[in-house]
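Notes for the one structure printed next.
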Amino acid sequence: MGLLKELDQRSPEELGRELYDFAAKLFPICRSITGDGIRQTLTSIGTRLALRTVDVPTGTPVFDWIVPKEWNIRDAYIKKPGGKRVVDFKRCNLHVVSYSTPIHATMPFTELKRHLFTLPGNPDYIPYRTSYYREDWGFCLSHNQMMALEDCDYEVHIDSTLEDGRLTYGEYYLPGCSAEEILISCHVCHPSLANDNLSGLAVATALAQFLSGRELRYSCRFLFIPGTIGAITWLAQNRDTAGRVRNGLVLTCIGDAGGFHYKKSRRGNAEIDRAAAHVLHHHHEAGEILEFSPYGYDERQYCSPGFDLPVGCLMRSVWGTFPEYHTSADNLDFIQPLRLAESLRVCTAIFDVLENNRRYCNQNPYCEPQLGRRNLYQSTGGGEIPARLWVLNLSDGKHTLLDIAERSGIPFPAICDAADLLCQNGLLSILPDGSGLNNRPNVTSGK
Amino acid sequence: MGLLKELDQRSPEELGRELYDFAAKLFPICRSITGDGIRQTLTSIGTRLALRTVDVPTGTPVFDWIVPKEWNIRDAYIKKPGGKRVVDFKRCNLHVVSYSTPIHATMPFTELKRHLFTLPGNPDYIPYRTSYYREDWGFCLSHNQMMALEDCDYEVHIDSTLEDGRLTYGEYYLPGCSAEEILISCHVCHPSLANDNLSGLAVATALAQFLSGRELRYSCRFLFIPGTIGAITWLAQNRDTAGRVRNGLVLTCIGDAGGFHYKKSRRGNAEIDRAAAHVLHHHHEAGEILEFSPYGYDERQYCSPGFDLPVGCLMRSVWGTFPEYHTSADNLDFIQPLRLAESLRVCTAIFDVLENNRRYCNQNPYCEPQLGRRNLYQSTGGGEIPARLWVLNLSDGKHTLLDIAERSGIPFPAICDAADLLCQNGLLSILPDGSGLNNRPNVTSGK
Amino acid sequence: MGLLKELDQRSPEELGRELYDFAAKLFPICRSITGDGIRQTLTSIGTRLALRTVDVPTGTPVFDWIVPKEWNIRDAYIKKPGGKRVVDFKRCNLHVVSYSTPIHATMPFTELKRHLFTLPGNPDYIPYRTSYYREDWGFCLSHNQMMALEDCDYEVHIDSTLEDGRLTYGEYYLPGCSAEEILISCHVCHPSLANDNLSGLAVATALAQFLSGRELRYSCRFLFIPGTIGAITWLAQNRDTAGRVRNGLVLTCIGDAGGFHYKKSRRGNAEIDRAAAHVLHHHHEAGEILEFSPYGYDERQYCSPGFDLPVGCLMRSVWGTFPEYHTSADNLDFIQPLRLAESLRVCTAIFDVLENNRRYCNQNPYCEPQLGRRNLYQSTGGGEIPARLWVLNLSDGKHTLLDIAERSGIPFPAICDAADLLCQNGLLSILPDGSGLNNRPNVTSGK
């Protein structure tokens, strides 16, 4: 249980500030599913982690998909007569529909209007839109902004390129004692949107840094990938590796003020599902468990039937349920340092469960051992004795520590501490991974 | 999903009127578990269906029972001095206890009284009583009617016969692609009682007509039988056929204004139980699921432990819970055309589930297929896209469409439409019946 | 179902009075986990039952424990200057910490105070304390009593011995048709505490008397043992016997006015768990079912992982939850004759379930048998007919009568009566113990 205890030695304010500052640094970059923006972002992460970046050429078939052309943009605007920019990409990169084809023309408002997107219900917000797989161009602007436009001719310019190139993603691998892996995946394809998903990216980077250099039970793999096509590309090129994923988490929208939500994997009762539910159940903030559904983030791909990987999704506010979602209001005011820090803390607590969820064997299974003469029947305040009795009672080789935590209602850290102490006193022995019953989840290899 | 869509092309008012008129036509006939009344009724059904009628002689042993004597009645009355009929079978056939032995005598009121049955709690209703297995005679009348009788001598006449003869039932068989059957059973033994069970009889007849001439997956068998002894007789003489029943429904009391009730089969989780629960769950009227119990209608026999057939019972108001039950108030005012039509609709919806509840195999199980380039990622208003994603995600050969509908919370028709569309686009293939896992329910052969 | 019916022929007032009087007779004795007090108590029980007492010498290893020295006490007091006893063992044996080492000394109040124990929250109650496994001495007194003590020198005397000797327990065995056993265990180690556990001891003794001389299906074993060390000693010396325990109950705190509580065995769904839950569910008093936990009474030892015996614990008020617990207020005013009688009644009802919980085989499994011609389709008022139909429907060799009672919601006695009557009529045959499916619980032998 070293991870959470160690993290808790750091000040949440300081930790939160670091996470927030990193998100703020990446905020201005115009990312999409391909292009320089994503590479700039990965370079920035690379200053913190020994990140491996992978380039996949346009046209590469990946399962039912094909890696698309690479998109880059330098400038874009709508100018009114007289040359004033009424919509300006340089002020906000959400103004251009992502993957817009280049255009430079003058056209009447009635024609231009068909390429404008607004949110009448939230008239101050600029929406975020993409057109990855249908070649088109467009501008997003606030509804109020559009209502103020006069009926005249406008100069429209999008200085973009859509050409053969590469799809780029980043991967960071931490070897552990076991070849089985914990996968952390976050999408890095959104432009200036803070919660979705600079929050996930900042937390994943910090978690990877925090775990680096430690002796870990499981190997860990962190993916910084464009949403959907990135996950599909990675899975297509790493089918063997996918078969080693024992547990996984998609991290997204974890910087806002909302309570935690964990969406279960397709399996519904995988170790990660139970670990996340346990941690959120005992967390002081409201936490909610959602059933799996085949829409959302990249868990869609990891949980497709051919893979069926035990990968869930950790969020605070759920995508699509808050008005700031996919708008200019998902900005740096929408995320908070302490929320980011707490999200890192919850991820660490889940890792602690996964890393320590072992089975033990009571060395005195017939009746209780005499705890008193070992000075184990005294408590230093908390509920140590019930935790010890539960661990002894259920350490029959069939129950993991998480089983015991669930059945007893005692938080995992207390159960884990009890197991450690009982081991030190010779009352418990640890069962090696892979021995006994029900140890390994049913890992689908995806082959 | 053709059945329900096709039925919905007909006007509910017209459909309801046809159902109601048929019930009204059959209402005056004096039916019992044997005799001419039941044969008249089957003849009437026979004008609509190619019904096979089966005669079983009195004295035939059927499991623990023996086919009883045949009962017929021509007239019955109680006359007061002066010859006025104070109770007259010709006005209402409920006035005579069913299976009353013949009598013609004059007796004082005190003696007569021991043969009179009333409902003091509902003093205007004539009760419905039978004495099938104990030879006796009696009259039923309203409590008010009895209270008005003077203390004098009465002429009592029941012009009935109870003699060796036959038990008659009707059977209609529709062959389908599979020898496995869906059984629809309704009792036809009650005299002038509308909801119990002219409602079931009218709906079953219309359902059989509606299904006739179609290419069906399962064979269908409709039984129009006297309650209890009829079901026992049929089972005794058709043990092999019983073993082919894959799903079944007893239809009764489905014409009144009450909400739907489905009583589960003894198995509790048979396909019919899940199909009926799913349809009622998504139905706009209140629907309730009842656990199995070994009392009620002929499901008692189908679900006896030696057969344990997957047969449930569909009702609106539950027998014994409404004051009109088994009284003269269960008349043509108690059932309504639109209620009958809606009951036929619910039966059809259940059939649609059973007929279409197949397993499919996702042809692109690794990651999602690219729906966009197939124009499948656009919605025409409803929740088509979630339905498609759910079907793709769970079509791993293990889940039926009903499994998918249950897990997703999406109504079966939408799931079925999604599967059809995905098949047309080559994204899904249908798995043949009998392949793979969990396809066939555990059919007890009853041998 | 003879047991409960027979018990109910006795007046509850008379029965309660006998139980209470026996508890009252034993109340003054100073019991501990060893010593003369326990032997006196067993001698008293021995006047009612042919009890076998077993002596185990000090120093005997029993699993992880060692049988401790024997403790006896003759007198103890605290005298103030002038010789007046301000604390006097002869007035209440709770005044001395159990297992106090001998002392005779004069000491100032400040020194004495370190050996005094009170309950400031309940200032009139004398607490009950022990120091079995750490040699020490002490006095317990009410907080008000201590506050009244002046700051002077006191003569302190505990005339006790702590020497090699024996641990003594009592065992009563009733042979039944089967070698499988029902175990009743109660701790007899507490001094003048009425509910905890003279109540259990009185009820267990009366139950053993009541069962004596009957022909029983299962053998019964009653243990009157010192808590913890007694159960451990018995298990250590009777491992083979432990393997024959099919069901068991720890009886404690069953004389007070609280509602019943049944704490499940570690298995959670053992026959005893289901039988006790069923009886309490249909009992007129409020009854509550508690999940297993590895703290409480001797079920801790019986349910240790090496044994995992199906032993639960029946209580009224739960230990630790009522203010009188382990204080001088748990006296003869805290228990009531009628409560003791009702507790005996509930134990008897549970025994009736265990003794009669058999599987039967419907001799006419195809359709219902004709109950009418056997005069079994008439009711004498209660719900006899549903009970008969349920028993017939589920007597397929797979369901026990308790399964049927649970599924039907009908109390076990009515189900059992129905089975008896159906057997008498040749409609049901009893399946011998050990035949068919799921008959024997998974008995862990503890070897």
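Letters A, B, ... mark the chains of the structure tokens in the order given; residue numbers begin at 1 per chain; ligand numbers begin at 1, in order shown.
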
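With only C-alpha atoms taken into account, the protein and nucleic acid residues at most 12 Å from Arg91 (chain B) (excluding it and anything under 4 positions from it in its own chain) are Pro28, Ile29, Cys30, Asp75, Ala76, Tyr77, Arg85, Val86, Val87, His95, Val96, Ile126, Leu141, Ser192 and Ser328 of chain B.
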
List every residue of chain A that has an atom at most 10 Å from any atom of chain C, and for each one report the closest atom pair and its distance in Å to one decimal, counting only C-alpha atoms, with rows sorted by chain and then by increasing residue number, as CSV.
```
residue,atom,partner,partner_atom,distance
A:Cys361,CA,C:Pro305,CA,9.9
A:Asn362,CA,C:Pro305,CA,8.2
A:Gln363,CA,C:Gly306,CA,9.9
A:Asn364,CA,C:Asp64,CA,7.1
A:Pro365,CA,C:Gly306,CA,4.4
A:Tyr366,CA,C:Gly306,CA,4.6
A:Cys367,CA,C:Gln301,CA,4.5
A:Glu368,CA,C:Gln301,CA,6.2
A:Pro369,CA,C:Asp64,CA,5.3
A:Gln370,CA,C:Asp64,CA,6.2
A:Leu371,CA,C:Asp64,CA,9.5
A:Gly372,CA,C:Tyr133,CA,7.7
A:Arg373,CA,C:Tyr133,CA,7.8
A:Ile385,CA,C:Tyr295,CA,9.4
A:Pro386,CA,C:Tyr295,CA,7.3
A:Ala387,CA,C:Pro294,CA,9.5
A:Arg388,CA,C:Pro294,CA,9.5
A:Leu389,CA,C:Pro294,CA,5.9
A:Trp390,CA,C:Pro294,CA,6.0
A:Val391,CA,C:Pro294,CA,9.3
A:Leu392,CA,C:Pro305,CA,8.0
A:Asn393,CA,C:Pro305,CA,5.6
A:Leu394,CA,C:Pro305,CA,6.6
A:Ser395,CA,C:Pro305,CA,7.5
A:Asp396,CA,C:Pro305,CA,6.1
A:Gly397,CA,C:Pro305,CA,9.8
A:Arg407,CA,C:Ser293,CA,9.2
A:Ser408,CA,C:Ser293,CA,7.5
```

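Excluding Glu215 (chain B) itself and same-chain residues fewer than 4 positions from it, the residues having an atom within 12 Å of it are Gly2, Leu3, Leu174, Pro175, Gly176, Cys177, Ser178, Phe210, Leu211, Ser219, Cys220 and Glu355 of chain B, counting only C-alpha atoms.
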
For Phe224 (chain B), list every protein, DNA or RNA residue within 6 Å, evaluated using only C-alpha atoms, and leave out those in the same chain fewer than 3 positions away; present the list as a short mmCIF file (atom, residue, chain, number, x, y, z; two decimals) with all heavy atoms, in the first residue's frame.
```cif
data_model
loop_
_atom_site.label_atom_id
_atom_site.label_comp_id
_atom_site.auth_asym_id
_atom_site.auth_seq_id
_atom_site.Cartn_x
_atom_site.Cartn_y
_atom_site.Cartn_z
N TYR B 169 -62.38 -31.39 -27.70
CA TYR B 169 -61.57 -30.16 -27.72
C TYR B 169 -61.15 -29.85 -29.15
O TYR B 169 -61.28 -30.70 -30.04
CB TYR B 169 -60.36 -30.26 -26.79
CG TYR B 169 -59.32 -31.28 -27.16
CD1 TYR B 169 -58.34 -31.00 -28.12
CD2 TYR B 169 -59.29 -32.52 -26.55
CE1 TYR B 169 -57.38 -31.94 -28.45
CE2 TYR B 169 -58.34 -33.47 -26.88
CZ TYR B 169 -57.38 -33.17 -27.83
OH TYR B 169 -56.43 -34.10 -28.16
N GLY B 170 -60.69 -28.62 -29.36
CA GLY B 170 -60.26 -28.21 -30.69
C GLY B 170 -58.77 -27.92 -30.70
O GLY B 170 -58.20 -27.46 -29.72
N CYS B 186 -56.29 -22.03 -24.46
CA CYS B 186 -57.32 -21.29 -23.72
C CYS B 186 -58.51 -22.20 -23.42
O CYS B 186 -58.82 -23.10 -24.20
CB CYS B 186 -57.75 -20.01 -24.42
SG CYS B 186 -58.20 -20.20 -26.12
N HIS B 187 -59.09 -21.97 -22.26
CA HIS B 187 -60.19 -22.84 -21.85
C HIS B 187 -61.50 -22.32 -22.44
O HIS B 187 -61.75 -21.13 -22.48
CB HIS B 187 -60.27 -22.97 -20.33
CG HIS B 187 -60.50 -21.71 -19.59
ND1 HIS B 187 -59.50 -20.81 -19.31
CD2 HIS B 187 -61.63 -21.18 -19.05
CE1 HIS B 187 -59.99 -19.80 -18.63
NE2 HIS B 187 -61.27 -19.98 -18.46
N VAL B 188 -62.31 -23.27 -22.92
CA VAL B 188 -63.56 -22.93 -23.62
C VAL B 188 -64.76 -23.52 -22.88
O VAL B 188 -65.79 -23.75 -23.48
CB VAL B 188 -63.55 -23.45 -25.07
CG1 VAL B 188 -62.58 -22.66 -25.90
CG2 VAL B 188 -63.22 -24.94 -25.10
#
```

Q | Who sits within 8 Å of region 414-422 of chain B, only C-alpha atoms, same chain under 6 positions skipped, as number ranges by chain | A | B: 1, 356, 360, 384, 387-388, 391, 401, 404-405, 428
